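Structure file data24.txt; described as compact mmCIF, C-alpha atoms.
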```
# COMPACT_ATOMS: atom_id res chain seq x y z
CA MET A 1 -65.24 50.33 -25.46
CA ASP A 2 -62.81 52.82 -26.99
CA VAL A 3 -59.05 52.34 -26.90
CA VAL A 4 -56.23 54.69 -27.87
CA VAL A 5 -54.92 53.73 -31.32
CA GLY A 6 -52.64 56.72 -31.78
CA ARG A 7 -51.61 60.18 -30.67
CA VAL A 8 -51.00 63.19 -32.89
CA ALA A 9 -47.32 64.08 -32.49
CA LYS A 10 -47.21 67.08 -34.81
CA ALA A 11 -48.23 68.59 -38.11
CA HIS A 12 -46.21 67.42 -41.12
CA GLY A 13 -45.83 69.68 -44.12
CA ILE A 14 -48.18 72.48 -45.09
CA THR A 15 -51.26 70.60 -46.32
CA GLY A 16 -52.68 69.25 -43.05
CA GLU A 17 -50.88 65.92 -42.87
CA LEU A 18 -50.28 64.66 -39.32
CA ALA A 19 -47.46 62.60 -37.81
CA ILE A 20 -49.07 59.95 -35.59
CA ASP A 21 -47.44 57.93 -32.81
CA VAL A 22 -49.19 54.60 -33.39
CA ARG A 23 -50.52 52.69 -30.38
CA THR A 24 -52.14 49.75 -32.08
CA ASP A 25 -50.92 46.44 -33.43
CA SER A 26 -53.10 46.82 -36.50
CA PRO A 27 -52.50 50.30 -37.97
CA GLU A 28 -53.38 49.04 -41.44
CA LEU A 29 -56.93 48.40 -40.19
CA ARG A 30 -57.30 51.37 -37.84
CA PHE A 31 -55.97 53.91 -40.35
CA ALA A 32 -57.42 52.39 -43.53
CA LEU A 33 -58.85 54.66 -46.20
CA GLY A 34 -62.33 55.83 -45.16
CA GLN A 35 -61.95 54.67 -41.54
CA LYS A 36 -63.70 56.92 -38.98
CA ILE A 37 -61.64 57.73 -35.90
CA GLN A 38 -62.78 59.56 -32.78
CA ALA A 39 -60.35 62.30 -31.80
CA LYS A 40 -60.18 63.39 -28.17
CA LEU A 41 -58.64 66.85 -28.15
CA ARG A 42 -56.50 68.26 -25.35
CA ASP A 43 -59.36 70.51 -24.22
CA GLY A 44 -61.55 67.43 -23.61
CA THR A 45 -63.78 67.86 -26.65
CA SER A 46 -64.19 65.15 -29.27
CA ARG A 47 -64.67 65.10 -33.00
CA SER A 48 -64.83 62.50 -35.72
CA LEU A 49 -62.10 62.30 -38.36
CA THR A 50 -62.09 60.32 -41.61
CA VAL A 51 -58.84 58.85 -42.92
CA SER A 52 -58.11 59.95 -46.50
CA ALA A 53 -54.50 58.67 -46.68
CA ALA A 54 -51.87 57.00 -44.49
CA ARG A 55 -48.25 56.02 -44.98
CA PRO A 56 -45.35 55.00 -42.75
CA HIS A 57 -42.57 57.53 -42.18
CA ALA A 58 -39.59 57.44 -39.79
CA GLY A 59 -41.23 55.20 -37.19
CA ARG A 60 -44.52 57.07 -37.28
CA LEU A 61 -47.56 57.07 -39.50
CA LEU A 62 -48.32 60.11 -41.64
CA VAL A 63 -52.08 60.47 -41.91
CA ARG A 64 -54.38 62.79 -43.80
CA PHE A 65 -57.93 63.29 -42.60
CA GLU A 66 -60.70 64.70 -44.80
CA GLU A 67 -61.53 67.27 -42.11
CA VAL A 68 -57.95 68.58 -41.74
CA VAL A 69 -56.85 70.55 -44.81
CA THR A 70 -54.39 73.17 -43.52
CA ARG A 71 -51.29 73.17 -41.37
CA ASP A 72 -53.01 75.48 -38.86
CA VAL A 73 -55.81 72.98 -38.30
CA ALA A 74 -53.27 70.15 -38.13
CA GLU A 75 -51.17 72.08 -35.60
CA SER A 76 -54.25 72.61 -33.41
CA LEU A 77 -54.57 68.81 -33.13
CA ARG A 78 -51.09 68.28 -31.60
CA GLY A 79 -51.45 65.95 -28.60
CA THR A 80 -54.88 64.69 -29.65
CA LEU A 81 -55.65 61.07 -28.75
CA LEU A 82 -57.11 58.97 -31.56
CA LEU A 83 -59.60 56.38 -30.40
CA GLY A 84 -60.92 53.21 -31.96
CA SER A 85 -63.57 50.77 -30.84
CA THR A 86 -62.56 47.39 -29.45
CA ASP A 87 -65.53 45.97 -31.38
CA ASP A 88 -63.57 46.54 -34.60
CA LEU A 89 -60.63 44.36 -33.55
CA PRO A 90 -60.25 40.94 -35.12
CA PRO A 91 -59.69 37.97 -32.78
CA THR A 92 -56.00 37.43 -32.10
CA GLY A 93 -56.24 33.77 -33.10
CA ASP A 94 -53.57 32.92 -30.52
CA PRO A 95 -54.53 31.95 -26.96
CA ASP A 96 -51.28 33.51 -25.69
CA GLU A 97 -51.86 36.93 -27.31
CA PHE A 98 -54.01 39.62 -25.74
CA TYR A 99 -55.08 43.13 -26.53
CA ASP A 100 -54.08 45.65 -23.87
CA HIS A 101 -57.70 46.50 -23.08
CA GLU A 102 -58.38 42.84 -22.25
CA LEU A 103 -55.73 42.90 -19.51
CA GLU A 104 -56.45 46.33 -18.03
CA GLY A 105 -58.60 46.00 -14.92
CA LEU A 106 -57.81 42.33 -14.26
CA THR A 107 -57.06 41.31 -10.69
CA ALA A 108 -53.41 40.39 -10.14
CA GLU A 109 -52.91 37.54 -7.69
CA LEU A 110 -50.10 35.30 -6.56
CA VAL A 111 -50.02 31.58 -7.32
CA ASP A 112 -51.53 30.89 -3.87
CA GLY A 113 -54.52 33.13 -4.66
CA THR A 114 -53.41 36.16 -2.63
CA LYS A 115 -54.62 39.31 -4.36
CA ILE A 116 -51.81 41.82 -4.90
CA GLY A 117 -53.54 44.50 -6.98
CA THR A 118 -55.13 45.42 -10.29
CA VAL A 119 -53.59 45.69 -13.75
CA LYS A 120 -53.67 49.39 -14.66
CA GLU A 121 -51.99 49.26 -18.06
CA ILE A 122 -49.40 47.52 -20.21
CA LEU A 123 -46.14 49.31 -21.02
CA HIS A 124 -44.53 48.39 -24.32
CA GLY A 125 -40.77 48.88 -24.21
CA PRO A 126 -37.77 47.74 -26.20
CA GLY A 127 -37.11 44.98 -23.66
CA GLY A 128 -40.67 43.66 -23.75
CA GLU A 129 -44.01 44.30 -22.11
CA LEU A 130 -44.58 45.19 -18.46
CA LEU A 131 -47.83 44.94 -16.52
CA VAL A 132 -48.37 48.02 -14.38
CA VAL A 133 -50.11 46.71 -11.27
CA ILE A 134 -51.71 49.14 -8.82
CA ARG A 135 -51.10 47.98 -5.25
CA ASP A 136 -51.94 49.51 -1.90
CA SER A 137 -48.26 50.46 -1.63
CA GLY A 138 -48.04 52.00 -5.14
CA GLU A 139 -47.33 50.70 -8.62
CA ALA A 140 -45.44 47.50 -9.39
CA LEU A 141 -43.93 46.76 -12.79
CA ILE A 142 -44.21 43.07 -13.63
CA PRO A 143 -42.42 41.65 -16.68
CA PHE A 144 -45.12 40.13 -18.87
CA VAL A 145 -43.39 36.81 -19.57
CA ARG A 146 -44.73 33.29 -19.05
CA GLU A 147 -42.20 32.51 -16.29
CA ILE A 148 -43.56 35.38 -14.14
CA VAL A 149 -47.16 35.55 -15.42
CA PRO A 150 -48.00 31.87 -15.98
CA THR A 151 -51.77 32.35 -16.17
CA VAL A 152 -53.93 34.95 -17.90
CA ASP A 153 -57.62 34.28 -17.34
CA VAL A 154 -59.46 37.09 -19.11
CA ARG A 155 -62.90 35.50 -18.60
CA GLY A 156 -62.12 34.89 -14.94
CA GLY A 157 -60.87 38.45 -14.55
CA ARG A 158 -57.40 37.63 -13.25
CA VAL A 159 -53.72 37.22 -13.98
CA VAL A 160 -51.56 34.97 -11.84
CA ILE A 161 -48.15 36.30 -10.87
CA ASP A 162 -45.26 34.03 -9.82
CA PRO A 163 -42.66 36.69 -9.01
CA PRO A 164 -38.99 35.95 -8.50
CA GLU A 165 -37.66 36.81 -5.07
CA GLY A 166 -37.50 40.56 -4.49
CA LEU A 167 -39.68 41.66 -7.44
CA LEU A 168 -42.51 42.87 -5.23
CA ASP A 169 -40.35 43.86 -2.23
CA ALA A 170 -39.50 47.34 -3.54
CA ASP A 171 -43.12 48.37 -2.98
```

Take the structure in the file and give it back as C-alpha cells.
Amino acid sequence: MDVVVGRVAKAHGITGELAIDVRTDSPELRFALGQKIQAKLRDGTSRSLTVSAARPHAGRLLVRFEEVVTRDVAESLRGTLLLGSTDDLPPTGDPDEFYDHELEGLTAELVDGTKIGTVKEILHGPGGELLVVIRDSGEALIPFVREIVPTVDVRGGRVVIDPPEGLLDAD
C-alpha cells in the first residue's frame, strides 16, 4: 500500500531543488540518497523520482531529484504528492504507536460495542492528534489520547472510543 510521505510545496532556487512539506515520521529513510519515490502529479499522472540530496530548511525538507534539473521542471511539480510504500516502514517497536495507514479504515465503536463510524484519517496538529471518524451524521473529530481512545485493535479492525459527555453530540 502507498502512503503520502510528502507534498511538493514549491521550487527552491534555480537548479531544480524542491521544498517538501514532510508527512512522514521517518524522513531520513523516505528521502535517503538513492531512494525511489512515486510522484502523483496534480493531473493524475505518476512518475518515479530518485532522491539525489535532501536537507532540512525552515520546517521543510529541501530535496533534489535526479530527474528534476531545472527550476521550470521543479515548478511544474508544485502540489505533487510523494508516495512511499508501507512495506518499507520499520516496525514501531512500541505497542502504543501506530502509523496513520494502520488506523485509517478501522471501525470506531463505543465501549459497549456500538459502532459509531469509520476512521477516515488522522490529523496532526500542534495540540496533538485527532481521529477523523466518518459517521452517518458527518465527521467527528476525536482526540487521540488514551483517556478517550483506550483501545486500538489493529488486527481486530477497531478502535474503542470512550467519549466525554457532549463530544459526539455536535454531530

Distance query stretch 136-144 of chain A at most 12 Å, only C-alpha atoms, self and fewer than 6 positions along chain excluded, as a count of residues only: 37

Mind dumping a table of every stretch 79-134 of chain A residue within 12 Å of stretch 46-70 of chain A, with the nearest atom pair and its distance in Å to one decimal, using all atoms listed in the file, sorted by chain and rising number, as CSV?
```
residue,atom,partner,partner_atom,distance
A:Thr80,CA,A:Ser46,CA,9.3
A:Leu81,CA,A:Ser46,CA,9.5
A:Leu82,CA,A:Leu49,CA,9.1
A:Leu83,CA,A:Ser48,CA,9.6
A:Gly84,CA,A:Ser48,CA,10.8
```

Restricting the output to C-alpha atoms, write the selected residues as a short mmCIF file (atom, residue, chain, number, x, y, z; two decimals), in the coordinates of the input.
```cif
data_model
loop_
_atom_site.label_atom_id
_atom_site.label_comp_id
_atom_site.auth_asym_id
_atom_site.auth_seq_id
_atom_site.Cartn_x
_atom_site.Cartn_y
_atom_site.Cartn_z
CA THR A 80 -54.88 64.69 -29.65
CA LEU A 81 -55.65 61.07 -28.75
CA LEU A 82 -57.11 58.97 -31.56
CA LEU A 83 -59.60 56.38 -30.40
CA GLY A 84 -60.92 53.21 -31.96
#
```

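Nearest-residue note for A:Asp72: choosing from A:Val133, A:Val154, A:Val149, A:Leu18, the minimum distance belongs to A:Leu18, counting all atoms listed in the file.
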
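Interatomic distance, atom CA of A:Gly157 to atom CA of A:Asp25: 22.8 Å.
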
Gap from atom CA of A:Glu104 to atom CA of A:Thr45 - Å, one decimal: 24.3 Å

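Computed from the coordinates, the atom CA of A:His101 to atom CA of A:Thr86 distance equals 8.1 Å.
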
Residue list as number ranges by chain for point (-52.0, 53.4, -28.9), cut-off 6 Å, only C-alpha atoms: A: 4-6, 22-24

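Residue nearest A:Gly156, chosen from A:Leu106, A:Val3, A:Ala74, A:Leu41 and counting only C-alpha atoms: A:Leu106.
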
Please define a box with edges along x, y and z of the file around all atoms of stretch 78-88 of chain A given in the file, extend it by 5 Å on each side, and return its centre and edge lengths in Å to one decimal, as lines of an AutoDock Vina configuration file.
```
center_x = -58.3
center_y = 57.1
center_z = -31.6
size_x = 24.4
size_y = 32.3
size_z = 16.0
```
